[in-house]
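J.: Starting off with a structure, shown below.
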Amino acid sequence: MNESERIDDPLDALLRASAPQPLPDDGFVARTMAAVDQAAHALPAQRRATPVAPLAIARALAAENRRHAAQARLWRWAAAGMVAGFVLLVAAVVMSPDGSVTIAAPAPQQWYPLCALAAIGALWVAWRELRRN
Amino acid sequence: MLFDESTHVEAEIAGWLARARQGDRHAFARLVRAHQSRVRLQLRRLAHGDAALADDLAQETFVQAWLHLNDFRGDARLATWLHRIALTRFLQHVRRPQLPVEWNEPDASDAVEPGHDPRAVEGLGRDVERALQALSEIQRLAVVHCFHLDLSHAEAAQVLGLPLGTLKSHLDRAKTRLRELLGAWNPESDT
């Protein structure tokens, strides 16, 4: 307290004199230090990352499952399409009248449009996956 | 020499504080021992004499102080900082962000009648206490923080979260009211 506040009237002195007596320790310091120890030990737990709420975890897992299921379905359809195409090809060769349908390996240049189409398709799928993640 | 003694105490507290900041529990225990009485008295006053609640809150105050000791910048005295934490803990306990507005109203219960001769019946200290009860809560807190906890006006304003001018006006009104209530008290004959 500064000096100007100390120069006071008798009422101020009376109020100061009426201050309650200091409280004895009564084990307060020991109890407080025990609480301090407890708090200090609990501190690392408090500093851990806040756990994600269970509902948020469930939602994330469900979305991931849906994505996996959709991808597996896509691969299954793709494999089925290839198998069906091959079966159709074999059937066309076998059932063609007097063997007019044959399987001939095309020249490499003839594969270029198909390769370009497959590359564009692969890039599109990759871009879509990247955006999703 | 009072000045030398208080300077010595402040220096000792500064030493304990520096060691406590480095994690020295014994130094912090000394700080607790040095400040426990005034923090508990402050909280008992805030808790309207509920000693158990006041002690619980005081304990939490010191735990908070230990956990945030490095946040104490030393702009104010350690006692001021502790009183501020104690008041905040109390307000959290009663779930209020600041001192309640209704605390501006005087507490009529257990107040002394104006003109009542304080020393005629009971001790003067008891009459002062009863006169304090006639003040509004905020006026009483201003008086208690300035005169019982021996804080300067600026420190009390900081602890109570009030502008300095507001605190001084509460103190002035409180003292005017106390003079009315303790009108029969004659300071000349008391000395």
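Going by the structure tokens order, chains are called A, B, ..., each with residues numbered from 1, while ligands are numbered from 1 in the order shown.
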Mind dumping a table of every chain A residue within 8 Å of chain B, with the nearest atom pair and its distance in Å to one decimal, using only C-alpha atoms, sorted by chain and rising number, as a Markdown table?

T.:
| residue | atom | partner | partner_atom | distance |
| --- | --- | --- | --- | --- |
| A:Met1 | CA | B:Ser152 | CA | 4.2 |
| A:Asn2 | CA | B:Ser152 | CA | 6.7 |
| A:Glu5 | CA | B:Ser152 | CA | 7.4 |
| A:Pro10 | CA | B:Pro187 | CA | 6.2 |
| A:Leu11 | CA | B:Arg179 | CA | 7.6 |
| A:Asp12 | CA | B:Phe147 | CA | 7.3 |
| A:Leu15 | CA | B:Phe147 | CA | 6.1 |
| A:Arg16 | CA | B:Phe147 | CA | 4.9 |
| A:Ala17 | CA | B:Gly125 | CA | 7.9 |
| A:Ser18 | CA | B:Gly125 | CA | 5.2 |
| A:Ala19 | CA | B:His148 | CA | 4.7 |
| A:Pro20 | CA | B:His148 | CA | 7.3 |
| A:Pro22 | CA | B:Ser37 | CA | 5.5 |
| A:Leu23 | CA | B:Ser37 | CA | 4.9 |
| A:Pro24 | CA | B:Ser37 | CA | 7.1 |
| A:Asp25 | CA | B:Arg33 | CA | 7.3 |
| A:Phe28 | CA | B:Gln36 | CA | 7.8 |
| A:Val29 | CA | B:Arg33 | CA | 6.1 |
| A:Arg31 | CA | B:Gln59 | CA | 7.8 |
| A:Thr32 | CA | B:Gln59 | CA | 5.3 |
| A:Met33 | CA | B:Ala29 | CA | 6.7 |
| A:Ala35 | CA | B:Val63 | CA | 6.8 |
| A:Val36 | CA | B:Val63 | CA | 5.2 |
| A:Ala39 | CA | B:Val63 | CA | 7.2 |
| A:Ala40 | CA | B:Leu67 | CA | 7.5 |

J.: For atom CA of Trp111 of chain A and atom CA of Arg73 of chain A, quote the distance in Å rounded to one decimal.

T.: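 According to the coordinates, atom CA of Trp111 of chain A and atom CA of Arg73 of chain A are separated by 28.1 Å.
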
J.: What is the atom CA of His83 of chain B to atom CA of Ala174 of chain B distance in Å?

T.: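 Computed distance, atom CA of His83 of chain B to atom CA of Ala174 of chain B, equals 21.2 Å.
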
J.: Would you please give, as a compact mmCIF listing (two decimals) with all heavy atoms, in the first residue's frame, all residues of segment 113-181 of chain B that DSSP assigns to helix (DSSP H, G or I) based on the backbone?

T.:
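Output file part_3.txt is given in full below:
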# COMPACT_ATOMS: atom_id res chain seq x y z
N PRO B 118 -21.60 1.50 19.96
CA PRO B 118 -20.93 0.23 19.71
C PRO B 118 -20.35 -0.40 20.97
O PRO B 118 -20.42 -1.59 21.14
CB PRO B 118 -19.82 0.58 18.73
CG PRO B 118 -20.20 1.90 18.15
CD PRO B 118 -20.99 2.59 19.18
N ARG B 119 -19.76 0.43 21.83
CA ARG B 119 -19.07 -0.18 22.98
C ARG B 119 -19.98 -0.42 24.17
O ARG B 119 -19.57 -0.93 25.19
CB ARG B 119 -17.89 0.68 23.38
CG ARG B 119 -16.70 0.42 22.48
CD ARG B 119 -15.57 1.34 22.79
NE ARG B 119 -15.93 2.71 22.50
CZ ARG B 119 -15.09 3.73 22.56
NH1 ARG B 119 -13.86 3.54 22.90
NH2 ARG B 119 -15.48 4.95 22.28
N ALA B 120 -21.22 0.07 24.04
CA ALA B 120 -22.12 -0.06 25.19
C ALA B 120 -22.45 -1.52 25.45
O ALA B 120 -22.62 -1.92 26.59
CB ALA B 120 -23.40 0.72 24.94
N VAL B 121 -22.56 -2.33 24.41
CA VAL B 121 -23.02 -3.70 24.61
C VAL B 121 -21.89 -4.71 24.36
O VAL B 121 -21.61 -5.55 25.20
CB VAL B 121 -24.21 -3.99 23.67
CG1 VAL B 121 -24.77 -5.38 23.95
CG2 VAL B 121 -25.30 -2.94 23.86
N LEU B 124 -15.83 -3.60 20.30
CA LEU B 124 -15.82 -2.73 19.13
C LEU B 124 -15.64 -3.54 17.84
O LEU B 124 -16.30 -3.27 16.83
CB LEU B 124 -14.69 -1.71 19.28
CG LEU B 124 -14.61 -0.62 18.22
CD1 LEU B 124 -15.90 0.16 18.13
CD2 LEU B 124 -13.46 0.32 18.55
N GLY B 125 -14.75 -4.52 17.90
CA GLY B 125 -14.51 -5.33 16.70
C GLY B 125 -15.78 -6.00 16.22
O GLY B 125 -16.06 -6.05 15.02
N ARG B 126 -16.57 -6.47 17.17
CA ARG B 126 -17.81 -7.14 16.80
C ARG B 126 -18.79 -6.15 16.18
O ARG B 126 -19.53 -6.48 15.26
CB ARG B 126 -18.40 -7.77 18.07
CG ARG B 126 -19.43 -8.82 17.75
CD ARG B 126 -19.60 -9.72 18.91
NE ARG B 126 -20.57 -10.75 18.65
CZ ARG B 126 -20.93 -11.66 19.53
NH1 ARG B 126 -20.38 -11.66 20.73
NH2 ARG B 126 -21.81 -12.56 19.22
N ASP B 127 -18.79 -4.92 16.72
CA ASP B 127 -19.68 -3.90 16.15
C ASP B 127 -19.24 -3.50 14.75
O ASP B 127 -20.09 -3.25 13.89
CB ASP B 127 -19.72 -2.68 17.06
CG ASP B 127 -20.73 -2.88 18.17
OD1 ASP B 127 -21.89 -3.19 17.85
OD2 ASP B 127 -20.35 -2.75 19.33
N VAL B 128 -17.94 -3.44 14.56
CA VAL B 128 -17.44 -3.13 13.21
C VAL B 128 -17.91 -4.22 12.25
O VAL B 128 -18.38 -3.93 11.14
CB VAL B 128 -15.90 -3.01 13.20
CG1 VAL B 128 -15.38 -2.91 11.78
CG2 VAL B 128 -15.46 -1.81 14.02
N GLU B 129 -17.81 -5.45 12.72
CA GLU B 129 -18.24 -6.57 11.87
C GLU B 129 -19.73 -6.46 11.55
O GLU B 129 -20.15 -6.66 10.40
CB GLU B 129 -17.95 -7.89 12.60
CG GLU B 129 -18.28 -9.14 11.82
CD GLU B 129 -17.61 -9.20 10.45
OE1 GLU B 129 -16.43 -8.78 10.34
OE2 GLU B 129 -18.27 -9.62 9.50
N ARG B 130 -20.52 -6.11 12.55
CA ARG B 130 -21.96 -5.98 12.29
C ARG B 130 -22.24 -4.79 11.39
O ARG B 130 -23.15 -4.85 10.54
CB ARG B 130 -22.70 -5.83 13.63
CG ARG B 130 -22.71 -7.12 14.43
CD ARG B 130 -23.53 -6.98 15.68
NE ARG B 130 -24.94 -6.77 15.38
CZ ARG B 130 -25.82 -6.29 16.27
NH1 ARG B 130 -25.43 -5.98 17.48
NH2 ARG B 130 -27.08 -6.12 15.94
N ALA B 131 -21.46 -3.73 11.55
CA ALA B 131 -21.65 -2.57 10.67
C ALA B 131 -21.30 -2.94 9.24
O ALA B 131 -21.96 -2.50 8.29
CB ALA B 131 -20.77 -1.41 11.16
N LEU B 132 -20.27 -3.76 9.08
CA LEU B 132 -19.89 -4.20 7.73
C LEU B 132 -21.03 -4.97 7.06
O LEU B 132 -21.21 -4.90 5.85
CB LEU B 132 -18.64 -5.10 7.79
CG LEU B 132 -17.30 -4.40 8.01
CD1 LEU B 132 -16.19 -5.43 8.21
CD2 LEU B 132 -16.95 -3.48 6.85
N GLN B 133 -21.81 -5.66 7.89
CA GLN B 133 -22.92 -6.43 7.32
C GLN B 133 -24.00 -5.52 6.73
O GLN B 133 -24.81 -5.97 5.92
CB GLN B 133 -23.56 -7.32 8.40
CG GLN B 133 -22.63 -8.38 8.97
CD GLN B 133 -22.10 -9.31 7.92
OE1 GLN B 133 -22.82 -9.71 7.01
NE2 GLN B 133 -20.81 -9.63 8.01
N GLU B 137 -22.70 -5.86 -0.67
CA GLU B 137 -21.64 -6.86 -0.76
C GLU B 137 -20.38 -6.27 -1.40
O GLU B 137 -19.26 -6.53 -0.95
CB GLU B 137 -22.14 -8.04 -1.59
CG GLU B 137 -21.29 -9.27 -1.51
CD GLU B 137 -21.56 -10.10 -0.27
OE1 GLU B 137 -22.73 -10.32 0.07
OE2 GLU B 137 -20.59 -10.53 0.36
N ILE B 138 -20.58 -5.46 -2.43
CA ILE B 138 -19.42 -4.93 -3.15
C ILE B 138 -18.67 -3.91 -2.29
O ILE B 138 -17.44 -3.85 -2.31
CB ILE B 138 -19.85 -4.33 -4.52
CG1 ILE B 138 -18.65 -4.16 -5.44
CG2 ILE B 138 -20.60 -3.06 -4.39
CD1 ILE B 138 -18.17 -5.45 -6.00
N GLN B 139 -19.42 -3.13 -1.51
CA GLN B 139 -18.76 -2.17 -0.61
C GLN B 139 -17.98 -2.93 0.46
O GLN B 139 -16.86 -2.57 0.82
CB GLN B 139 -19.81 -1.27 0.06
CG GLN B 139 -20.44 -0.27 -0.88
CD GLN B 139 -21.60 0.48 -0.25
OE1 GLN B 139 -22.01 0.19 0.88
NE2 GLN B 139 -22.16 1.43 -0.99
N ARG B 140 -18.60 -4.00 0.97
CA ARG B 140 -17.95 -4.79 2.02
C ARG B 140 -16.67 -5.42 1.47
O ARG B 140 -15.63 -5.42 2.13
CB ARG B 140 -18.92 -5.87 2.50
CG ARG B 140 -18.45 -6.62 3.71
CD ARG B 140 -19.59 -7.27 4.47
NE ARG B 140 -20.39 -8.16 3.65
CZ ARG B 140 -21.71 -8.07 3.52
NH1 ARG B 140 -22.39 -7.13 4.14
NH2 ARG B 140 -22.36 -8.93 2.78
N LEU B 141 -16.75 -5.92 0.24
CA LEU B 141 -15.56 -6.53 -0.35
C LEU B 141 -14.45 -5.49 -0.55
O LEU B 141 -13.27 -5.79 -0.35
CB LEU B 141 -15.91 -7.18 -1.69
CG LEU B 141 -16.65 -8.51 -1.61
CD1 LEU B 141 -16.96 -9.02 -3.00
CD2 LEU B 141 -15.81 -9.54 -0.87
N ALA B 142 -14.87 -4.29 -0.94
CA ALA B 142 -13.87 -3.23 -1.13
C ALA B 142 -13.17 -2.94 0.20
O ALA B 142 -11.94 -2.85 0.26
CB ALA B 142 -14.54 -1.97 -1.67
N VAL B 143 -13.97 -2.84 1.27
CA VAL B 143 -13.38 -2.56 2.59
C VAL B 143 -12.47 -3.71 3.02
O VAL B 143 -11.34 -3.51 3.47
CB VAL B 143 -14.51 -2.35 3.64
CG1 VAL B 143 -13.95 -2.33 5.05
CG2 VAL B 143 -15.25 -1.06 3.35
N VAL B 144 -12.98 -4.93 2.87
CA VAL B 144 -12.21 -6.10 3.32
C VAL B 144 -10.89 -6.21 2.56
O VAL B 144 -9.84 -6.44 3.16
CB VAL B 144 -13.06 -7.39 3.12
CG1 VAL B 144 -12.19 -8.63 3.22
CG2 VAL B 144 -14.17 -7.44 4.15
N HIS B 145 -10.94 -6.02 1.24
CA HIS B 145 -9.71 -6.17 0.46
C HIS B 145 -8.71 -5.05 0.77
O HIS B 145 -7.51 -5.29 0.78
CB HIS B 145 -10.03 -6.21 -1.04
CG HIS B 145 -10.51 -7.55 -1.50
ND1 HIS B 145 -11.78 -8.01 -1.22
CD2 HIS B 145 -9.90 -8.56 -2.16
CE1 HIS B 145 -11.92 -9.23 -1.72
NE2 HIS B 145 -10.80 -9.59 -2.28
N CYS B 146 -9.22 -3.84 1.04
CA CYS B 146 -8.29 -2.73 1.28
C CYS B 146 -7.78 -2.73 2.72
O CYS B 146 -6.60 -2.41 2.95
CB CYS B 146 -8.96 -1.40 0.97
SG CYS B 146 -9.19 -1.14 -0.78
N PHE B 147 -8.63 -3.05 3.67
CA PHE B 147 -8.23 -2.89 5.07
C PHE B 147 -7.90 -4.20 5.77
O PHE B 147 -7.02 -4.24 6.62
CB PHE B 147 -9.32 -2.13 5.85
CG PHE B 147 -9.52 -0.74 5.34
CD1 PHE B 147 -10.64 -0.40 4.62
CD2 PHE B 147 -8.55 0.23 5.54
CE1 PHE B 147 -10.82 0.88 4.12
CE2 PHE B 147 -8.71 1.52 5.06
CZ PHE B 147 -9.85 1.84 4.34
N HIS B 148 -8.59 -5.26 5.45
CA HIS B 148 -8.30 -6.53 6.12
C HIS B 148 -7.20 -7.31 5.42
O HIS B 148 -6.38 -7.95 6.07
CB HIS B 148 -9.57 -7.40 6.21
CG HIS B 148 -10.58 -6.85 7.16
ND1 HIS B 148 -11.77 -7.49 7.45
CD2 HIS B 148 -10.59 -5.72 7.91
CE1 HIS B 148 -12.46 -6.77 8.32
NE2 HIS B 148 -11.76 -5.69 8.61
N HIS B 153 -5.31 0.35 -3.03
CA HIS B 153 -6.53 0.51 -3.81
C HIS B 153 -6.38 -0.10 -5.20
O HIS B 153 -7.29 -0.76 -5.70
CB HIS B 153 -6.87 2.00 -3.94
CG HIS B 153 -7.29 2.62 -2.63
ND1 HIS B 153 -7.44 3.96 -2.45
CD2 HIS B 153 -7.55 2.04 -1.44
CE1 HIS B 153 -7.82 4.20 -1.20
NE2 HIS B 153 -7.88 3.05 -0.56
N ALA B 154 -5.23 0.12 -5.81
CA ALA B 154 -4.99 -0.40 -7.17
C ALA B 154 -5.02 -1.93 -7.16
O ALA B 154 -5.59 -2.57 -8.05
CB ALA B 154 -3.66 0.11 -7.71
N GLU B 155 -4.40 -2.51 -6.14
CA GLU B 155 -4.37 -3.97 -6.05
C GLU B 155 -5.77 -4.54 -5.82
O GLU B 155 -6.17 -5.53 -6.44
CB GLU B 155 -3.43 -4.42 -4.92
CG GLU B 155 -1.96 -4.23 -5.24
CD GLU B 155 -1.06 -4.51 -4.04
OE1 GLU B 155 -1.52 -4.32 -2.89
OE2 GLU B 155 0.09 -4.91 -4.24
N ALA B 156 -6.52 -3.88 -4.92
CA ALA B 156 -7.89 -4.35 -4.64
C ALA B 156 -8.74 -4.24 -5.90
O ALA B 156 -9.55 -5.14 -6.20
CB ALA B 156 -8.49 -3.54 -3.50
N ALA B 157 -8.58 -3.14 -6.64
CA ALA B 157 -9.34 -2.97 -7.89
C ALA B 157 -8.99 -4.07 -8.87
O ALA B 157 -9.86 -4.64 -9.54
CB ALA B 157 -9.04 -1.60 -8.49
N GLN B 158 -7.71 -4.41 -8.91
CA GLN B 158 -7.26 -5.47 -9.83
C GLN B 158 -7.86 -6.82 -9.42
O GLN B 158 -8.33 -7.57 -10.27
CB GLN B 158 -5.73 -5.53 -9.78
CG GLN B 158 -5.11 -6.35 -10.89
CD GLN B 158 -3.60 -6.41 -10.76
OE1 GLN B 158 -2.99 -5.66 -10.02
NE2 GLN B 158 -3.00 -7.34 -11.48
N VAL B 159 -7.83 -7.10 -8.13
CA VAL B 159 -8.36 -8.38 -7.65
C VAL B 159 -9.86 -8.48 -7.93
O VAL B 159 -10.35 -9.49 -8.41
CB VAL B 159 -8.09 -8.54 -6.13
CG1 VAL B 159 -8.88 -9.71 -5.57
CG2 VAL B 159 -6.61 -8.73 -5.88
N LEU B 160 -10.59 -7.39 -7.65
CA LEU B 160 -12.05 -7.43 -7.79
C LEU B 160 -12.49 -7.20 -9.23
O LEU B 160 -13.69 -7.31 -9.53
CB LEU B 160 -12.68 -6.37 -6.88
CG LEU B 160 -12.49 -6.61 -5.38
CD1 LEU B 160 -12.98 -5.43 -4.57
CD2 LEU B 160 -13.21 -7.88 -4.94
N LEU B 164 -10.35 1.44 -10.98
CA LEU B 164 -9.85 2.03 -9.72
C LEU B 164 -10.84 3.06 -9.17
O LEU B 164 -11.12 3.10 -7.97
CB LEU B 164 -8.47 2.65 -9.96
CG LEU B 164 -7.78 3.28 -8.76
CD1 LEU B 164 -7.60 2.27 -7.64
CD2 LEU B 164 -6.43 3.86 -9.17
N GLY B 165 -11.37 3.91 -10.06
CA GLY B 165 -12.31 4.96 -9.63
C GLY B 165 -13.56 4.36 -9.00
O GLY B 165 -14.07 4.86 -8.00
N THR B 166 -14.04 3.27 -9.59
CA THR B 166 -15.24 2.60 -9.06
C THR B 166 -14.97 2.06 -7.67
O THR B 166 -15.79 2.19 -6.75
CB THR B 166 -15.66 1.45 -10.00
OG1 THR B 166 -15.76 1.97 -11.32
CG2 THR B 166 -16.97 0.84 -9.59
N LEU B 167 -13.81 1.44 -7.51
CA LEU B 167 -13.46 0.90 -6.19
C LEU B 167 -13.40 2.03 -5.16
O LEU B 167 -13.92 1.89 -4.05
CB LEU B 167 -12.10 0.19 -6.26
CG LEU B 167 -11.68 -0.31 -4.88
CD1 LEU B 167 -11.94 -1.80 -4.74
CD2 LEU B 167 -10.25 0.01 -4.57
N LYS B 168 -12.78 3.15 -5.55
CA LYS B 168 -12.65 4.26 -4.59
C LYS B 168 -14.03 4.80 -4.23
O LYS B 168 -14.25 5.16 -3.07
CB LYS B 168 -11.78 5.35 -5.19
CG LYS B 168 -10.29 5.01 -5.16
CD LYS B 168 -9.47 6.14 -5.71
CE LYS B 168 -7.98 5.82 -5.55
NZ LYS B 168 -7.13 6.82 -6.21
N SER B 169 -14.93 4.87 -5.20
CA SER B 169 -16.25 5.39 -4.87
C SER B 169 -17.01 4.42 -3.96
O SER B 169 -17.70 4.84 -3.04
CB SER B 169 -17.03 5.74 -6.15
OG SER B 169 -17.73 4.64 -6.61
N HIS B 170 -16.83 3.11 -4.18
CA HIS B 170 -17.45 2.13 -3.27
C HIS B 170 -16.87 2.29 -1.86
O HIS B 170 -17.60 2.22 -0.87
CB HIS B 170 -17.19 0.71 -3.76
CG HIS B 170 -18.08 0.29 -4.89
ND1 HIS B 170 -19.45 0.43 -4.85
CD2 HIS B 170 -17.79 -0.27 -6.09
CE1 HIS B 170 -19.98 -0.02 -5.98
NE2 HIS B 170 -18.98 -0.44 -6.76
N LEU B 171 -15.57 2.52 -1.79
CA LEU B 171 -14.93 2.68 -0.48
C LEU B 171 -15.44 3.93 0.22
O LEU B 171 -15.73 3.89 1.43
CB LEU B 171 -13.41 2.81 -0.67
CG LEU B 171 -12.56 1.57 -0.52
CD1 LEU B 171 -11.10 1.92 -0.64
CD2 LEU B 171 -12.81 0.87 0.81
N ASP B 172 -15.57 5.02 -0.54
CA ASP B 172 -16.04 6.27 0.05
C ASP B 172 -17.45 6.10 0.61
O ASP B 172 -17.75 6.50 1.74
CB ASP B 172 -16.04 7.39 -1.00
CG ASP B 172 -14.65 7.98 -1.16
OD1 ASP B 172 -13.81 7.72 -0.29
OD2 ASP B 172 -14.42 8.68 -2.16
N ARG B 173 -18.31 5.46 -0.20
CA ARG B 173 -19.69 5.25 0.25
C ARG B 173 -19.72 4.33 1.46
O ARG B 173 -20.48 4.55 2.40
CB ARG B 173 -20.53 4.67 -0.88
CG ARG B 173 -21.14 5.75 -1.75
CD ARG B 173 -22.11 5.17 -2.75
NE ARG B 173 -21.70 5.58 -4.08
CZ ARG B 173 -21.52 4.77 -5.11
NH1 ARG B 173 -21.72 3.49 -4.99
NH2 ARG B 173 -21.14 5.23 -6.27
N ALA B 174 -18.87 3.32 1.44
CA ALA B 174 -18.82 2.38 2.56
C ALA B 174 -18.40 3.11 3.84
O ALA B 174 -18.99 2.90 4.91
CB ALA B 174 -17.85 1.25 2.25
N LYS B 175 -17.41 3.96 3.71
CA LYS B 175 -16.91 4.64 4.92
C LYS B 175 -17.92 5.65 5.45
O LYS B 175 -18.06 5.82 6.66
CB LYS B 175 -15.57 5.31 4.60
CG LYS B 175 -14.43 4.28 4.54
CD LYS B 175 -13.19 4.80 3.87
CE LYS B 175 -12.44 5.78 4.71
NZ LYS B 175 -11.16 6.16 4.06
N THR B 176 -18.63 6.30 4.52
CA THR B 176 -19.68 7.23 4.96
C THR B 176 -20.74 6.47 5.76
O THR B 176 -21.18 6.91 6.83
CB THR B 176 -20.34 7.90 3.72
OG1 THR B 176 -19.32 8.52 2.96
CG2 THR B 176 -21.38 8.91 4.12
N ARG B 177 -21.13 5.32 5.22
CA ARG B 177 -22.16 4.50 5.88
C ARG B 177 -21.64 3.98 7.23
O ARG B 177 -22.36 3.98 8.23
CB ARG B 177 -22.53 3.33 4.97
CG ARG B 177 -23.58 2.40 5.52
CD ARG B 177 -24.98 2.91 5.30
NE ARG B 177 -25.98 1.96 5.78
CZ ARG B 177 -26.90 2.24 6.70
NH1 ARG B 177 -26.95 3.44 7.24
NH2 ARG B 177 -27.78 1.33 7.08
N LEU B 178 -20.38 3.57 7.25
CA LEU B 178 -19.81 3.05 8.50
C LEU B 178 -19.72 4.15 9.55
O LEU B 178 -19.95 3.90 10.74
CB LEU B 178 -18.42 2.46 8.23
CG LEU B 178 -18.39 1.12 7.50
CD1 LEU B 178 -16.98 0.73 7.11
CD2 LEU B 178 -19.02 0.03 8.35
N ARG B 179 -19.43 5.37 9.12
CA ARG B 179 -19.38 6.48 10.08
C ARG B 179 -20.76 6.72 10.70
O ARG B 179 -20.87 7.01 11.89
CB ARG B 179 -18.90 7.77 9.39
CG ARG B 179 -17.40 7.81 9.25
CD ARG B 179 -16.88 9.22 8.94
NE ARG B 179 -15.47 9.09 8.61
CZ ARG B 179 -15.00 8.92 7.38
NH1 ARG B 179 -15.85 8.89 6.37
NH2 ARG B 179 -13.72 8.80 7.17
N GLU B 180 -21.80 6.59 9.86
CA GLU B 180 -23.17 6.73 10.39
C GLU B 180 -23.45 5.63 11.42
O GLU B 180 -23.96 5.88 12.50
CB GLU B 180 -24.20 6.58 9.27
CG GLU B 180 -24.33 7.77 8.35
CD GLU B 180 -25.19 7.43 7.13
OE1 GLU B 180 -26.02 6.49 7.22
OE2 GLU B 180 -25.00 8.09 6.11
N LEU B 181 -23.11 4.42 11.03
CA LEU B 181 -23.44 3.27 11.88
C LEU B 181 -22.63 3.24 13.16
O LEU B 181 -23.09 2.79 14.20
CB LEU B 181 -23.22 1.97 11.10
CG LEU B 181 -24.14 1.75 9.91
CD1 LEU B 181 -23.65 0.61 9.04
CD2 LEU B 181 -25.55 1.47 10.38

J.: For Ala92 of chain A, please output as a JSON list (two decimals) with N, CA and C atoms, in the first residue's frame all residues within 10 Å (counting only C-alpha atoms; exclusion window: fewer than 5 positions along the same chain).

T.:
[["chain", "number", "residue", "atom", "x", "y", "z"],
["A", 86, "PHE", "N", -14.45, -61.82, -72.95],
["A", 86, "PHE", "CA", -13.66, -62.94, -73.46],
["A", 86, "PHE", "C", -14.57, -64.10, -73.87],
["A", 87, "VAL", "N", -15.57, -64.37, -73.01],
["A", 87, "VAL", "CA", -16.52, -65.45, -73.31],
["A", 87, "VAL", "C", -17.27, -65.15, -74.61],
["A", 97, "PRO", "N", -20.32, -69.22, -88.72],
["A", 97, "PRO", "CA", -20.51, -70.22, -89.76],
["A", 97, "PRO", "C", -19.24, -70.36, -90.60],
["A", 99, "GLY", "N", -16.28, -70.85, -90.00],
["A", 99, "GLY", "CA", -15.02, -70.31, -89.48],
["A", 99, "GLY", "C", -14.63, -68.95, -90.04],
["A", 100, "SER", "N", -15.64, -68.15, -90.40],
["A", 100, "SER", "CA", -15.33, -66.84, -90.98],
["A", 100, "SER", "C", -14.81, -65.85, -89.93],
["A", 101, "VAL", "N", -15.13, -66.10, -88.66],
["A", 101, "VAL", "CA", -14.63, -65.21, -87.59],
["A", 101, "VAL", "C", -13.38, -65.83, -86.98],
["A", 102, "THR", "N", -12.29, -65.11, -87.05],
["A", 102, "THR", "CA", -11.04, -65.62, -86.49],
["A", 102, "THR", "C", -10.46, -64.60, -85.52],
["A", 103, "ILE", "N", -9.53, -65.08, -84.73],
["A", 103, "ILE", "CA", -8.83, -64.17, -83.80],
["A", 103, "ILE", "C", -7.47, -63.88, -84.40]]

J.: One decimal, Å: what's the distance from atom CA of Arg19 of chain B over to atom CA of Leu43 of chain B, could you say?

T.: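 So the two atoms, atom CA of Arg19 of chain B and atom CA of Leu43 of chain B, lie 26.9 Å apart.
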